[in-house]
file my_file30.cif (mmCIF, C-alpha atoms)
data_coords
loop_
_atom_site.label_atom_id
_atom_site.label_comp_id
_atom_site.auth_asym_id
_atom_site.auth_seq_id
_atom_site.Cartn_x
_atom_site.Cartn_y
_atom_site.Cartn_z
CA MET C 1 26.02 17.97 -36.76
CA GLY C 2 22.72 19.78 -36.30
CA THR C 3 22.10 22.30 -33.58
CA ALA C 4 19.45 22.18 -30.88
CA ILE C 5 17.21 24.57 -32.82
CA ASP C 6 17.53 22.29 -35.86
CA TYR C 7 16.27 19.45 -33.71
CA VAL C 8 13.26 21.50 -32.61
CA ARG C 9 12.43 22.44 -36.21
CA GLU C 10 12.62 18.80 -37.26
CA GLU C 11 10.34 17.77 -34.40
CA LEU C 12 7.79 20.36 -35.56
CA ARG C 13 7.97 18.99 -39.10
CA LEU C 14 7.63 15.38 -37.90
CA LEU C 15 4.55 16.33 -35.87
CA ARG C 16 2.92 17.82 -38.95
CA VAL C 17 3.75 14.71 -40.98
CA GLN C 18 2.43 12.49 -38.20
CA VAL C 19 -0.95 14.24 -38.15
CA LYS C 20 -0.98 14.05 -42.00
CA LEU C 21 -1.46 17.74 -42.67
CA SER C 22 -0.05 19.94 -45.38
CA GLN C 23 1.73 23.10 -44.31
CA ASP C 24 -1.35 25.12 -45.31
CA ASP C 25 -3.73 22.91 -43.31
CA PHE C 26 -1.40 22.75 -40.32
CA GLY C 27 -1.06 26.52 -40.36
CA ARG C 28 -4.81 27.01 -40.61
CA GLY C 29 -5.29 24.89 -37.49
CA ILE C 30 -2.91 26.99 -35.41
CA GLY C 31 -3.75 30.41 -36.85
CA TYR C 32 -0.72 30.84 -39.12
CA SER C 33 -0.22 30.80 -42.88
CA GLY C 34 1.24 27.82 -44.67
CA SER C 35 4.19 29.94 -45.74
CA HIS C 36 4.85 30.80 -42.08
CA VAL C 37 4.84 27.09 -41.18
CA SER C 38 7.23 26.39 -44.06
CA SER C 39 9.53 29.19 -42.96
CA VAL C 40 9.68 27.88 -39.39
CA GLU C 41 10.43 24.35 -40.56
CA THR C 42 13.19 25.44 -42.94
CA GLY C 43 14.86 27.98 -40.64
CA GLY C 44 13.61 31.18 -42.22
CA ARG C 45 11.68 32.19 -39.10
CA PRO C 46 12.34 31.42 -35.43
CA PRO C 47 9.80 29.23 -33.59
CA THR C 48 8.45 31.87 -31.20
CA LYS C 49 6.75 31.24 -27.88
CA GLU C 50 3.41 32.25 -29.44
CA TYR C 51 3.90 29.83 -32.31
CA MET C 52 4.79 26.95 -29.98
CA PHE C 53 1.82 27.77 -27.76
CA ALA C 54 -0.49 27.54 -30.77
CA VAL C 55 1.02 24.20 -31.82
CA ASP C 56 0.67 22.75 -28.32
CA ARG C 57 -2.89 24.01 -27.91
CA ALA C 58 -3.92 22.35 -31.17
CA HIS C 59 -1.89 19.13 -31.08
CA ASP C 60 -0.70 18.24 -27.56
CA PRO C 61 -3.32 16.14 -25.70
CA ALA C 62 -1.52 16.85 -22.43
CA PHE C 63 -1.47 20.61 -22.96
CA ASP C 64 -2.21 22.51 -19.74
CA PRO C 65 -4.03 25.73 -20.64
CA GLN C 66 -3.63 27.14 -17.11
CA ALA C 67 0.13 26.66 -17.06
CA GLY C 68 0.29 27.63 -20.72
CA GLU C 69 2.76 24.85 -21.41
CA GLY C 70 2.91 21.79 -23.57
CA ARG C 71 5.56 19.71 -25.30
CA PHE C 72 6.86 22.40 -27.65
CA THR C 73 6.63 25.36 -25.28
CA ARG C 74 8.70 23.36 -22.79
CA MET C 75 11.13 22.49 -25.56
CA LEU C 76 11.49 26.17 -26.43
CA ARG C 77 12.04 27.08 -22.77
CA GLU C 78 14.80 24.51 -22.42
CA LEU C 79 16.35 25.67 -25.68
CA SER C 80 16.39 29.24 -24.37
CA LYS C 81 18.25 28.09 -21.25
CA LEU C 82 20.72 26.18 -23.38
CA GLU C 83 21.46 29.18 -25.58
CA GLN C 84 22.24 31.26 -22.48
CA THR C 85 24.64 28.59 -21.20
CA PRO C 86 28.34 28.93 -22.17
CA SER C 87 29.52 26.25 -24.60
CA TRP C 88 32.04 24.79 -22.11
CA LEU C 89 29.29 24.42 -19.50
CA ARG C 90 26.96 22.71 -21.99
CA GLU C 91 29.66 20.12 -22.60
CA TRP C 92 30.20 19.59 -18.89
CA ILE C 93 26.47 19.31 -18.11
CA GLU C 94 26.21 16.46 -20.60
CA LEU C 95 29.23 14.71 -19.08
CA GLU C 96 27.82 15.25 -15.59
CA ARG C 97 24.40 13.92 -16.55
CA ASP C 98 25.82 10.73 -18.13
CA ALA C 99 28.51 10.02 -15.52
CA THR C 100 28.67 6.78 -13.56
CA LEU C 101 30.52 8.56 -10.74
CA LEU C 102 31.24 12.16 -9.77
CA ARG C 103 34.12 13.03 -7.45
CA TRP C 104 33.96 16.67 -6.38
CA TYR C 105 36.38 18.62 -4.20
CA GLU C 106 35.72 22.15 -2.98
CA PRO C 107 37.87 24.17 -0.55
CA ALA C 108 35.85 27.42 -0.70
CA PHE C 109 32.13 26.74 -1.18
CA LEU C 110 29.66 23.89 -1.46
CA PRO C 111 29.39 21.84 -4.66
CA GLY C 112 26.68 23.21 -6.93
CA LEU C 113 24.74 19.93 -6.95
CA LEU C 114 24.32 20.24 -3.17
CA GLN C 115 23.45 23.93 -2.91
CA THR C 116 20.09 25.28 -1.81
CA GLU C 117 18.56 28.04 -3.88
CA ALA C 118 19.18 30.59 -1.11
CA TYR C 119 22.84 29.58 -0.80
CA ALA C 120 23.40 29.72 -4.56
CA ARG C 121 21.69 33.11 -4.82
CA GLY C 122 23.56 34.52 -1.84
CA MET C 123 26.88 33.31 -3.16
CA MET C 124 26.28 35.05 -6.49
CA ASN C 125 25.00 38.25 -4.89
CA ASN C 126 28.51 39.68 -4.83
CA GLY C 127 28.04 42.91 -6.76
CA LEU C 128 29.61 41.48 -9.93
CA LEU C 129 26.40 40.19 -11.52
CA LEU C 130 23.16 41.88 -12.56
CA PRO C 131 19.89 40.56 -11.03
CA ASP C 132 18.88 38.88 -14.32
CA GLU C 133 22.28 37.19 -14.55
CA ILE C 134 21.92 35.90 -10.99
CA ASP C 135 18.44 34.53 -11.74
CA GLN C 136 19.71 32.74 -14.85
CA ARG C 137 22.74 31.23 -13.13
CA VAL C 138 20.76 30.09 -10.10
CA ALA C 139 18.14 28.47 -12.33
CA SER C 140 20.86 26.74 -14.35
CA ARG C 141 22.49 25.41 -11.19
CA LEU C 142 19.23 24.08 -9.76
CA ASP C 143 18.34 22.47 -13.09
CA ARG C 144 21.46 20.30 -12.82
CA GLN C 145 20.61 18.90 -9.38
CA PRO C 146 18.10 16.19 -10.42
CA VAL C 147 21.04 14.00 -11.50
CA LEU C 148 21.24 13.12 -7.79
CA THR C 149 17.54 12.39 -7.26
CA ARG C 150 16.31 10.87 -10.54
CA ASP C 151 15.38 7.17 -10.85
CA ALA C 152 18.94 6.22 -11.84
CA PRO C 153 20.98 8.84 -9.94
CA VAL C 154 24.64 9.62 -10.45
CA PRO C 155 26.76 8.54 -7.44
CA LEU C 156 28.55 11.50 -5.86
CA VAL C 157 31.51 11.65 -3.51
CA ALA C 158 32.03 15.23 -2.36
CA VAL C 159 34.99 16.35 -0.25
CA ILE C 160 34.74 19.83 1.26
CA ASP C 161 36.98 21.83 3.56
CA VAL C 162 35.48 22.44 7.01
CA MET C 163 35.71 26.21 6.49
CA VAL C 164 33.04 25.88 3.80
CA LEU C 165 30.61 24.99 6.60
CA ARG C 166 31.62 28.03 8.65
CA ARG C 167 31.69 30.72 5.97
CA GLN C 168 28.70 33.07 6.16
CA VAL C 169 26.75 33.80 2.98
CA ASP C 170 25.21 37.18 2.17
CA GLY C 171 25.31 38.20 5.85
CA ARG C 172 22.40 35.88 6.68
CA PRO C 173 23.07 33.03 9.15
CA GLU C 174 19.74 31.37 8.33
CA ILE C 175 20.99 30.60 4.84
CA MET C 176 23.79 28.47 6.24
CA ARG C 177 21.49 26.77 8.74
CA GLU C 178 19.13 25.75 5.94
CA GLN C 179 22.04 24.76 3.73
CA LEU C 180 23.66 22.49 6.29
CA GLU C 181 20.31 20.87 7.09
CA HIS C 182 20.02 20.18 3.37
CA LEU C 183 23.50 18.62 3.40
CA VAL C 184 22.43 16.29 6.18
CA LYS C 185 19.37 15.26 4.18
CA MET C 186 21.42 14.66 1.01
CA SER C 187 24.02 12.63 2.91
CA GLU C 188 21.27 10.18 3.87
CA LEU C 189 21.07 9.09 0.22
CA LEU C 190 23.05 5.88 -0.24
CA HIS C 191 24.70 7.13 -3.43
CA VAL C 192 25.85 10.45 -1.92
CA GLN C 193 28.92 10.72 0.31
CA ILE C 194 29.84 14.08 1.83
CA LEU C 195 33.24 14.06 3.48
CA VAL C 196 34.77 16.94 5.44
CA VAL C 197 38.45 17.82 5.77
CA PRO C 198 38.86 18.95 9.42
CA GLU C 199 40.70 22.06 10.54
CA ASP C 200 43.56 20.10 12.08
CA ALA C 201 44.55 18.87 8.59
CA GLY C 202 46.38 22.19 8.28
CA ILE C 203 47.78 22.94 4.83
CA TYR C 204 47.09 20.03 2.49
CA PRO C 205 47.14 19.39 -1.29
CA GLY C 206 44.13 20.79 -3.10
CA LEU C 207 43.67 24.06 -1.23
CA GLN C 208 44.68 25.98 -4.33
CA GLY C 209 41.39 25.17 -6.08
CA GLY C 210 38.42 22.88 -6.42
CA PHE C 211 37.78 20.42 -9.23
CA ILE C 212 35.44 17.66 -10.38
CA LEU C 213 36.21 14.27 -11.87
CA ALA C 214 33.48 12.56 -13.90
CA THR C 215 33.78 8.87 -14.74
CA ALA C 216 31.97 7.86 -17.93
CA GLY C 217 30.28 4.55 -18.69
CA ASP C 218 33.35 3.26 -20.52
CA GLY C 219 35.56 3.96 -17.51
CA SER C 220 37.22 7.06 -18.96
CA VAL C 221 37.59 10.14 -16.75
CA VAL C 222 37.14 13.81 -17.57
CA GLY C 223 37.89 16.73 -15.25
CA HIS C 224 36.40 20.15 -14.67
CA LEU C 225 38.23 23.20 -13.35
CA ASP C 226 36.66 26.54 -12.46
CA HIS C 227 38.87 29.64 -12.37
CA GLN C 228 38.32 33.36 -11.85
CA VAL C 229 38.16 34.08 -15.58
CA ARG C 230 36.69 30.90 -17.05
CA ALA C 231 36.04 27.23 -16.42
CA GLN C 232 37.28 24.38 -18.55
CA VAL C 233 36.82 20.70 -19.27
CA VAL C 234 40.07 18.79 -18.79
CA SER C 235 40.80 15.65 -20.80
CA GLN C 236 44.61 15.60 -21.21
CA THR C 237 46.19 12.55 -19.63
CA ASP C 238 48.88 14.41 -17.64
CA ASP C 239 46.36 16.85 -16.19
CA LEU C 240 43.98 14.04 -15.23
CA VAL C 241 46.77 12.14 -13.51
CA THR C 242 47.54 15.26 -11.45
CA LEU C 243 43.87 15.76 -10.55
CA GLN C 244 43.39 12.12 -9.56
CA ARG C 245 46.52 12.19 -7.38
CA THR C 246 45.23 15.37 -5.75
CA TRP C 247 41.84 13.73 -5.23
CA GLU C 248 43.42 10.79 -3.40
CA ALA C 249 45.35 13.23 -1.23
CA VAL C 250 42.33 15.35 -0.23
CA ARG C 251 40.15 12.32 0.36
CA GLY C 252 42.88 10.90 2.57
CA GLU C 253 42.70 14.04 4.72
CA ALA C 254 38.89 13.90 5.05
CA LEU C 255 37.01 12.40 7.97
CA PRO C 256 35.07 9.17 7.37
CA ARG C 257 31.46 9.49 6.24
CA ARG C 258 29.83 9.13 9.67
CA GLN C 259 32.23 11.49 11.41
CA SER C 260 31.81 14.02 8.60
CA LEU C 261 28.03 13.91 9.05
CA GLU C 262 28.36 14.49 12.78
CA LEU C 263 30.61 17.49 12.14
CA ILE C 264 28.11 18.94 9.66
CA LYS C 265 25.31 18.56 12.24
CA GLU C 266 27.51 20.14 14.92
CA VAL C 267 28.34 23.18 12.80
CA ALA C 268 24.68 23.52 11.73
CA GLN C 269 23.73 24.13 15.37
CA THR C 270 26.05 27.17 15.48
CA TRP C 271 24.09 28.94 12.70
CA THR C 272 21.29 30.52 14.70
#

call {"tool": "encode", "arguments": {"input": "my_file30.cif", "output": "structure tokens"}}
result
Amino acid sequence: MGTAIDYVREELRLLRVQVKLSQDDFGRGIGYSGSHVSSVETGGRPPTKEYMFAVDRAHDPAFDPQAGEGRFTRMLRELSKLEQTPSWLREWIELERDATLLRWYEPAFLPGLLQTEAYARGMMNNGLLLPDEIDQRVASRLDRQPVLTRDAPVPLVAVIDVMVLRRQVDGRPEIMREQLEHLVKMSELLHVQILVVPEDAGIYPGLQGGFILATAGDGSVVGHLDHQVRAQVVSQTDDLVTLQRTWEAVRGEALPRRQSLELIKEVAQTWT
């Protein structure tokens, strides 16, 4: 199986074939030698940002010179993000993107697909990550969120513990006010349900850790667990049975959709 960079190289080669140019002629048009073009296509040289810019400027009709981006520069940017993403997360992102249903339980913080940028950044600003690492992780998290707002969105049922709504982030109350207002907005989408487990539920199954269940188009289910050291994709039958039983338990403790929304609005007013 080819890698993502192999795909990009092949797309570059197919473009050259499509415009019916030899490697020498293609290179001349973008300011590179034919041998350089050959080396990029065969894997001897990396397709740099400058190279992709030159290709887009010469061959992409939709190239935006002010933004400095076209088809291949965007492709390179996305590839760079992918290479910085852990392999287990790449697998999960694909499962998440193709799911027909996501069921997400969180006892400690809001699901990533529902986080504002300020909330995500504040949550990661814990002294354990460098600024560049925070930027990369926040960008990666926000890049996943369009699965809820695209033309064919993924349905989401999120169950959160009420303390998630009351836990301050980065010492800034305004972050939580904005975040809860965003939750209210997201809950207005027909395919998004946000359910809250109230305080009087006491100790209930699930408090030991959050998880996600993704249902695929064929009806199969895959889980996702996030721990202190690493996260993992769960596909073993016994583990999935346990997670689905836990899901039914936590959902059974949650308030109905309308009551959950009212509670979110009520708590939002306390963040002033």

call {"tool": "closest_atom_pairs", "arguments": {"input": "my_file30.cif", "of": "segment 56-135 of chain C", "to": "segment 219-227 of chain C", "cutoff": "9 Å", "atoms": "all atoms listed in the file", "output": "CSV"}}
result
residue,atom,partner,partner_atom,distance
C:Trp92,CA,C:His224,CA,7.5
C:Leu95,CA,C:Val222,CA,8.1
C:Thr100,CA,C:Gly219,CA,8.4

call {"tool": "closest_residue", "arguments": {"input": "my_file30.cif", "among": "C:Gly122, C:Gly206, C:Pro155, C:Gly43", "to": "Ser187 of chain C", "atoms": "only C-alpha atoms"}}
result
C:Pro155

call {"tool": "closest_residue", "arguments": {"input": "my_file30.cif", "among": "C:Ile30, C:Leu195, C:Ala62, C:Leu76", "to": "Asp6 of chain C", "atoms": "all atoms listed in the file"}}
result
C:Leu76

call {"tool": "atom_distance", "arguments": {"input": "my_file30.cif", "atom1": "atom CA of Phe211 of chain C", "atom2": "atom CA of Glu106 of chain C"}}
result
6.8 Å

call {"tool": "resolve_selection", "arguments": {"input": "my_file30.cif", "expression": "the PyMOL selection byres ((chain C and resi 209) around 12)", "output": "PDB file with C-alpha atoms, in the coordinates of the input"}}
result
ATOM      1  CA  TRP C 104      33.960  16.670  -6.380  1.00  0.00           C
ATOM      2  CA  TYR C 105      36.380  18.620  -4.200  1.00  0.00           C
ATOM      3  CA  GLU C 106      35.720  22.150  -2.980  1.00  0.00           C
ATOM      4  CA  PRO C 107      37.870  24.170  -0.550  1.00  0.00           C
ATOM      5  CA  ALA C 108      35.850  27.420  -0.700  1.00  0.00           C
ATOM      6  CA  PHE C 109      32.130  26.740  -1.180  1.00  0.00           C
ATOM      7  CA  ILE C 160      34.740  19.830   1.260  1.00  0.00           C
ATOM      8  CA  ASP C 161      36.980  21.830   3.560  1.00  0.00           C
ATOM      9  CA  TYR C 204      47.090  20.030   2.490  1.00  0.00           C
ATOM     10  CA  PRO C 205      47.140  19.390  -1.290  1.00  0.00           C
ATOM     11  CA  GLY C 206      44.130  20.790  -3.100  1.00  0.00           C
ATOM     12  CA  LEU C 207      43.670  24.060  -1.230  1.00  0.00           C
ATOM     13  CA  GLN C 208      44.680  25.980  -4.330  1.00  0.00           C
ATOM     14  CA  GLY C 210      38.420  22.880  -6.420  1.00  0.00           C
ATOM     15  CA  PHE C 211      37.780  20.420  -9.230  1.00  0.00           C
ATOM     16  CA  ILE C 212      35.440  17.660 -10.380  1.00  0.00           C
ATOM     17  CA  HIS C 224      36.400  20.150 -14.670  1.00  0.00           C
ATOM     18  CA  LEU C 225      38.230  23.200 -13.350  1.00  0.00           C
ATOM     19  CA  ASP C 226      36.660  26.540 -12.460  1.00  0.00           C
ATOM     20  CA  HIS C 227      38.870  29.640 -12.370  1.00  0.00           C
ATOM     21  CA  GLN C 228      38.320  33.360 -11.850  1.00  0.00           C
ATOM     22  CA  ALA C 231      36.040  27.230 -16.420  1.00  0.00           C
ATOM     23  CA  LEU C 243      43.870  15.760 -10.550  1.00  0.00           C
ATOM     24  CA  THR C 246      45.230  15.370  -5.750  1.00  0.00           C
ATOM     25  CA  TRP C 247      41.840  13.730  -5.230  1.00  0.00           C
ATOM     26  CA  VAL C 250      42.330  15.350  -0.230  1.00  0.00           C
TER      27      VAL C 250
END

call {"tool": "residues_around", "arguments": {"input": "my_file30.cif", "residues": "Glu117 of chain C", "least_positions_apart": "6", "cutoff": "10 Å", "atoms": "all atoms listed in the file", "output": "tab-separated table (two decimals) with C-alpha atoms, in the coordinates of the input"}}
result
chain	number	residue	atom	x	y	z
C	123	MET	CA	26.88	33.31	-3.16
C	138	VAL	CA	20.76	30.09	-10.10
C	139	ALA	CA	18.14	28.47	-12.33
C	141	ARG	CA	22.49	25.41	-11.19
C	142	LEU	CA	19.23	24.08	-9.76
C	175	ILE	CA	20.99	30.60	4.84
C	179	GLN	CA	22.04	24.76	3.73

call {"tool": "residues_around", "arguments": {"input": "my_file30.cif", "residues": "Leu89 of chain C", "least_positions_apart": "4", "cutoff": "9 Å", "atoms": "all atoms listed in the file", "output": "compact mmCIF listing (two decimals) with C-alpha atoms, in the frame of the given file"}}
result
# COMPACT_ATOMS: atom_id res chain seq x y z
CA THR C 85 24.64 28.59 -21.20
CA ILE C 93 26.47 19.31 -18.11
CA GLU C 94 26.21 16.46 -20.60
CA ALA C 231 36.04 27.23 -16.42
CA GLN C 232 37.28 24.38 -18.55
CA VAL C 233 36.82 20.70 -19.27

call {"tool": "closest_residue", "arguments": {"input": "my_file30.cif", "among": "C:Ala58, C:Leu263, C:Ile194, C:Met124", "to": "Pro111 of chain C", "atoms": "only C-alpha atoms"}}
result
C:Ile194

call {"tool": "closest_residue", "arguments": {"input": "my_file30.cif", "among": "C:Val169, C:Met163, C:Leu15, C:Leu180", "to": "Asn126 of chain C", "atoms": "all atoms listed in the file"}}
result
C:Val169

call {"tool": "build_atoms", "arguments": {"input": "my_file30.cif", "residues": "segment 37-70 of chain C", "atoms": "N, CA and C atoms", "output": "PDB file, in the coordinates of the input"}}
result
ATOM      1  N   VAL C  37       4.470  28.427 -41.636  1.00  0.00           N
ATOM      2  CA  VAL C  37       4.840  27.090 -41.180  1.00  0.00           C
ATOM      3  C   VAL C  37       6.070  26.601 -41.926  1.00  0.00           C
ATOM      4  N   SER C  38       6.084  26.807 -43.246  1.00  0.00           N
ATOM      5  CA  SER C  38       7.230  26.390 -44.060  1.00  0.00           C
ATOM      6  C   SER C  38       8.495  27.103 -43.624  1.00  0.00           C
ATOM      7  N   SER C  39       8.367  28.403 -43.346  1.00  0.00           N
ATOM      8  CA  SER C  39       9.530  29.190 -42.960  1.00  0.00           C
ATOM      9  C   SER C  39      10.089  28.752 -41.616  1.00  0.00           C
ATOM     10  N   VAL C  40       9.215  28.377 -40.694  1.00  0.00           N
ATOM     11  CA  VAL C  40       9.680  27.880 -39.390  1.00  0.00           C
ATOM     12  C   VAL C  40      10.412  26.556 -39.567  1.00  0.00           C
ATOM     13  N   GLU C  41       9.842  25.675 -40.376  1.00  0.00           N
ATOM     14  CA  GLU C  41      10.430  24.350 -40.560  1.00  0.00           C
ATOM     15  C   GLU C  41      11.772  24.395 -41.284  1.00  0.00           C
ATOM     16  N   THR C  42      11.955  25.366 -42.143  1.00  0.00           N
ATOM     17  CA  THR C  42      13.190  25.440 -42.940  1.00  0.00           C
ATOM     18  C   THR C  42      14.224  26.408 -42.369  1.00  0.00           C
ATOM     19  N   GLY C  43      13.882  27.098 -41.275  1.00  0.00           N
ATOM     20  CA  GLY C  43      14.860  27.980 -40.640  1.00  0.00           C
ATOM     21  C   GLY C  43      14.757  29.431 -41.026  1.00  0.00           C
ATOM     22  N   GLY C  44      13.757  29.787 -41.818  1.00  0.00           N
ATOM     23  CA  GLY C  44      13.610  31.180 -42.220  1.00  0.00           C
ATOM     24  C   GLY C  44      13.052  32.059 -41.115  1.00  0.00           C
ATOM     25  N   ARG C  45      12.254  31.468 -40.237  1.00  0.00           N
ATOM     26  CA  ARG C  45      11.680  32.190 -39.100  1.00  0.00           C
ATOM     27  C   ARG C  45      11.981  31.421 -37.810  1.00  0.00           C
ATOM     28  N   PRO C  46      12.133  32.124 -36.699  1.00  0.00           N
ATOM     29  CA  PRO C  46      12.340  31.420 -35.430  1.00  0.00           C
ATOM     30  C   PRO C  46      11.012  30.870 -34.907  1.00  0.00           C
ATOM     31  N   PRO C  47      11.017  29.727 -34.235  1.00  0.00           N
ATOM     32  CA  PRO C  47       9.800  29.230 -33.590  1.00  0.00           C
ATOM     33  C   PRO C  47       9.546  30.011 -32.302  1.00  0.00           C
ATOM     34  N   THR C  48       8.685  30.992 -32.356  1.00  0.00           N
ATOM     35  CA  THR C  48       8.450  31.870 -31.200  1.00  0.00           C
ATOM     36  C   THR C  48       7.608  31.165 -30.140  1.00  0.00           C
ATOM     37  N   LYS C  49       7.557  31.774 -28.975  1.00  0.00           N
ATOM     38  CA  LYS C  49       6.750  31.240 -27.880  1.00  0.00           C
ATOM     39  C   LYS C  49       5.279  31.179 -28.289  1.00  0.00           C
ATOM     40  N   GLU C  50       4.812  32.218 -29.003  1.00  0.00           N
ATOM     41  CA  GLU C  50       3.410  32.250 -29.440  1.00  0.00           C
ATOM     42  C   GLU C  50       3.122  31.131 -30.424  1.00  0.00           C
ATOM     43  N   TYR C  51       4.062  30.898 -31.318  1.00  0.00           N
ATOM     44  CA  TYR C  51       3.900  29.830 -32.310  1.00  0.00           C
ATOM     45  C   TYR C  51       3.838  28.463 -31.614  1.00  0.00           C
ATOM     46  N   MET C  52       4.764  28.222 -30.699  1.00  0.00           N
ATOM     47  CA  MET C  52       4.790  26.950 -29.980  1.00  0.00           C
ATOM     48  C   MET C  52       3.540  26.754 -29.146  1.00  0.00           C
ATOM     49  N   PHE C  53       3.055  27.831 -28.549  1.00  0.00           N
ATOM     50  CA  PHE C  53       1.820  27.770 -27.760  1.00  0.00           C
ATOM     51  C   PHE C  53       0.661  27.314 -28.645  1.00  0.00           C
ATOM     52  N   ALA C  54       0.583  27.882 -29.846  1.00  0.00           N
ATOM     53  CA  ALA C  54      -0.490  27.540 -30.770  1.00  0.00           C
ATOM     54  C   ALA C  54      -0.396  26.077 -31.204  1.00  0.00           C
ATOM     55  N   VAL C  55       0.825  25.594 -31.443  1.00  0.00           N
ATOM     56  CA  VAL C  55       1.020  24.200 -31.820  1.00  0.00           C
ATOM     57  C   VAL C  55       0.593  23.273 -30.682  1.00  0.00           C
ATOM     58  N   ASP C  56       1.021  23.588 -29.471  1.00  0.00           N
ATOM     59  CA  ASP C  56       0.670  22.750 -28.320  1.00  0.00           C
ATOM     60  C   ASP C  56      -0.841  22.745 -28.081  1.00  0.00           C
ATOM     61  N   ARG C  57      -1.445  23.914 -28.166  1.00  0.00           N
ATOM     62  CA  ARG C  57      -2.890  24.010 -27.910  1.00  0.00           C
ATOM     63  C   ARG C  57      -3.680  23.157 -28.904  1.00  0.00           C
ATOM     64  N   ALA C  58      -3.198  23.086 -30.141  1.00  0.00           N
ATOM     65  CA  ALA C  58      -3.920  22.350 -31.170  1.00  0.00           C
ATOM     66  C   ALA C  58      -3.574  20.861 -31.216  1.00  0.00           C
ATOM     67  N   HIS C  59      -2.345  20.501 -30.801  1.00  0.00           N
ATOM     68  CA  HIS C  59      -1.890  19.130 -31.080  1.00  0.00           C
ATOM     69  C   HIS C  59      -1.327  18.360 -29.885  1.00  0.00           C
ATOM     70  N   ASP C  60      -1.218  18.970 -28.715  1.00  0.00           N
ATOM     71  CA  ASP C  60      -0.700  18.240 -27.560  1.00  0.00           C
ATOM     72  C   ASP C  60      -1.853  17.860 -26.642  1.00  0.00           C
ATOM     73  N   PRO C  61      -2.197  16.562 -26.556  1.00  0.00           N
ATOM     74  CA  PRO C  61      -3.320  16.140 -25.700  1.00  0.00           C
ATOM     75  C   PRO C  61      -3.094  16.461 -24.225  1.00  0.00           C
ATOM     76  N   ALA C  62      -1.831  16.574 -23.839  1.00  0.00           N
ATOM     77  CA  ALA C  62      -1.520  16.850 -22.430  1.00  0.00           C
ATOM     78  C   ALA C  62      -1.324  18.332 -22.161  1.00  0.00           C
ATOM     79  N   PHE C  63      -1.668  19.173 -23.125  1.00  0.00           N
ATOM     80  CA  PHE C  63      -1.470  20.610 -22.960  1.00  0.00           C
ATOM     81  C   PHE C  63      -2.250  21.131 -21.763  1.00  0.00           C
ATOM     82  N   ASP C  64      -1.586  21.913 -20.935  1.00  0.00           N
ATOM     83  CA  ASP C  64      -2.210  22.510 -19.740  1.00  0.00           C
ATOM     84  C   ASP C  64      -2.481  23.975 -20.024  1.00  0.00           C
ATOM     85  N   PRO C  65      -3.741  24.338 -20.287  1.00  0.00           N
ATOM     86  CA  PRO C  65      -4.030  25.730 -20.640  1.00  0.00           C
ATOM     87  C   PRO C  65      -3.761  26.706 -19.500  1.00  0.00           C
ATOM     88  N   GLN C  66      -3.883  26.240 -18.253  1.00  0.00           N
ATOM     89  CA  GLN C  66      -3.630  27.140 -17.110  1.00  0.00           C
ATOM     90  C   GLN C  66      -2.146  27.457 -16.997  1.00  0.00           C
ATOM     91  N   ALA C  67      -1.315  26.431 -17.128  1.00  0.00           N
ATOM     92  CA  ALA C  67       0.130  26.660 -17.060  1.00  0.00           C
ATOM     93  C   ALA C  67       0.646  27.273 -18.359  1.00  0.00           C
ATOM     94  N   GLY C  68      -0.132  27.091 -19.434  1.00  0.00           N
ATOM     95  CA  GLY C  68       0.290  27.630 -20.720  1.00  0.00           C
ATOM     96  C   GLY C  68       1.484  26.906 -21.300  1.00  0.00           C
ATOM     97  N   GLU C  69       1.596  25.612 -20.953  1.00  0.00           N
ATOM     98  CA  GLU C  69       2.760  24.850 -21.410  1.00  0.00           C
ATOM     99  C   GLU C  69       2.343  23.504 -21.973  1.00  0.00           C
ATOM    100  N   GLY C  70       3.054  23.104 -22.997  1.00  0.00           N
ATOM    101  CA  GLY C  70       2.910  21.790 -23.570  1.00  0.00           C
ATOM    102  C   GLY C  70       4.276  21.320 -24.026  1.00  0.00           C
TER     103      GLY C  70
END
